[in-house]
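Visitor: Here it is, the structure in full.
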Amino acid sequence: MKLVFVLSFVLIAVALSAQKEVQEKYLLDLSAKKFNWMIEKQLDSLSIYLDERVLYIHSNGLIQNKEDMLKDFSNGNLTLSVVEIEEAKVRAFGSTAVLTGKGSFSGIINALSFQVKLLYNEVYVYDNYKWKLVSRHANKVQ
């Protein structure tokens, strides 16, 4: 009887671990898609991905909500042209996940070219059968 209990426990632990790995891989892919949507100005896809209360904290200290972000992309104030992710890792905690990444970003903001290397955190929440970005914070690195 004890052996059945131990085996059941081990099987459940293995299944939960595998499920967490699948979640983490999914979120890495979703974050990469987000950058492509920004580059390609696929604002409908980007809008679905962003939570209504998202805060986007830029490396220069600017804080934007969802409406501000979408508006800057749609009116041309912000154009993202290249995103090269060097590393990214996700830590899932039930219905919340934190992605930490590092990469190089270039584009145009307010008619000025930029190229910057960033460390960034993205916080996701699983709600109503989908993952949403609820917070993003970036810092410049050398």
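By convention in this document, the chains of the structure tokens carry letters A, B, ... by their order, each chain's residues are numbered from 1, and ligands are numbered from 1 in the order they are shown.
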Might you pull out every residue within 12 Å of Met38 of chain A, with only C-alpha atoms counted and same-chain residues fewer than 5 positions away left off, and present them as a PyMOL selection string?
Guide: chain A and resi 31-33+43-47+49-50+69-74+76+78-83+105-107
Visitor: Would you mind exporting C-alpha atoms of the selected residues as an mmCIF file, in the first residue's frame?
Guide:
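See out-v8.cif below for the written result:
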data_model
loop_
_atom_site.group_PDB
_atom_site.id
_atom_site.type_symbol
_atom_site.label_atom_id
_atom_site.label_comp_id
_atom_site.auth_asym_id
_atom_site.auth_seq_id
_atom_site.Cartn_x
_atom_site.Cartn_y
_atom_site.Cartn_z
ATOM 1 C CA SER A 31 7.127 36.837 -25.406
ATOM 2 C CA ALA A 32 9.037 36.336 -28.662
ATOM 3 C CA LYS A 33 5.780 36.659 -30.623
ATOM 4 C CA LEU A 43 -1.594 45.775 -32.935
ATOM 5 C CA ASP A 44 -4.682 43.552 -32.780
ATOM 6 C CA SER A 45 -2.550 40.617 -31.639
ATOM 7 C CA LEU A 46 -0.585 42.842 -29.279
ATOM 8 C CA SER A 47 -3.788 44.254 -27.791
ATOM 9 C CA TYR A 49 -1.863 39.888 -25.289
ATOM 10 C CA LEU A 50 -1.707 42.965 -23.027
ATOM 11 C CA MET A 69 1.637 51.692 -25.873
ATOM 12 C CA LEU A 70 -0.765 50.892 -28.689
ATOM 13 C CA LYS A 71 -1.153 54.583 -29.573
ATOM 14 C CA ASP A 72 2.633 55.084 -29.879
ATOM 15 C CA PHE A 73 2.916 52.122 -32.229
ATOM 16 C CA SER A 74 -0.105 53.100 -34.316
ATOM 17 C CA GLY A 76 4.512 56.022 -35.530
ATOM 18 C CA LEU A 78 7.565 54.214 -31.687
ATOM 19 C CA THR A 79 8.865 51.797 -34.263
ATOM 20 C CA LEU A 80 10.711 48.670 -33.238
ATOM 21 C CA SER A 81 12.862 47.333 -36.058
ATOM 22 C CA VAL A 82 15.183 44.704 -34.556
ATOM 23 C CA VAL A 83 14.999 42.608 -31.399
ATOM 24 C CA PHE A 105 16.667 46.463 -29.298
ATOM 25 C CA SER A 106 16.677 49.041 -32.068
ATOM 26 C CA GLY A 107 14.140 51.248 -33.719
#
Visitor: Which neighbours of Glu52 of chain A fall inside 10 Å, counting only C-alpha atoms, when residues of the same chain fewer than 6 positions from it are skipped, and could you give them as JSON, numbers by chain?
Guide: {"A": [65, 66, 67, 132, 133, 134]}
Visitor: Just asking: which residues within chain A are alpha helix (DSSP H) according to DSSP, as a PyMOL selection string?
Guide: chain A and resi 2-40+43-49+66-74
Visitor: Between atom CA of Val141 of chain A and atom CA of Tyr26 of chain A, what is the distance in Å, rounded to a tenth?
Guide: 26.6 Å
Visitor: With a distance cut-off of 6 Å and only C-alpha atoms, select the neighbouring residues of Asn139 of chain A, excluding the residue or stretch itself and same-chain residues fewer than 4 positions from it, and output the selection as a ChimeraX atom specification.
Guide: /A:59,118-119
Visitor: Among segment 13-110 of chain A, which ones does DSSP assign to strand (DSSP E) (computed from the backbone)? Answer as number ranges by chain.
Guide: A: 50-57, 63-64, 78-93, 96-109
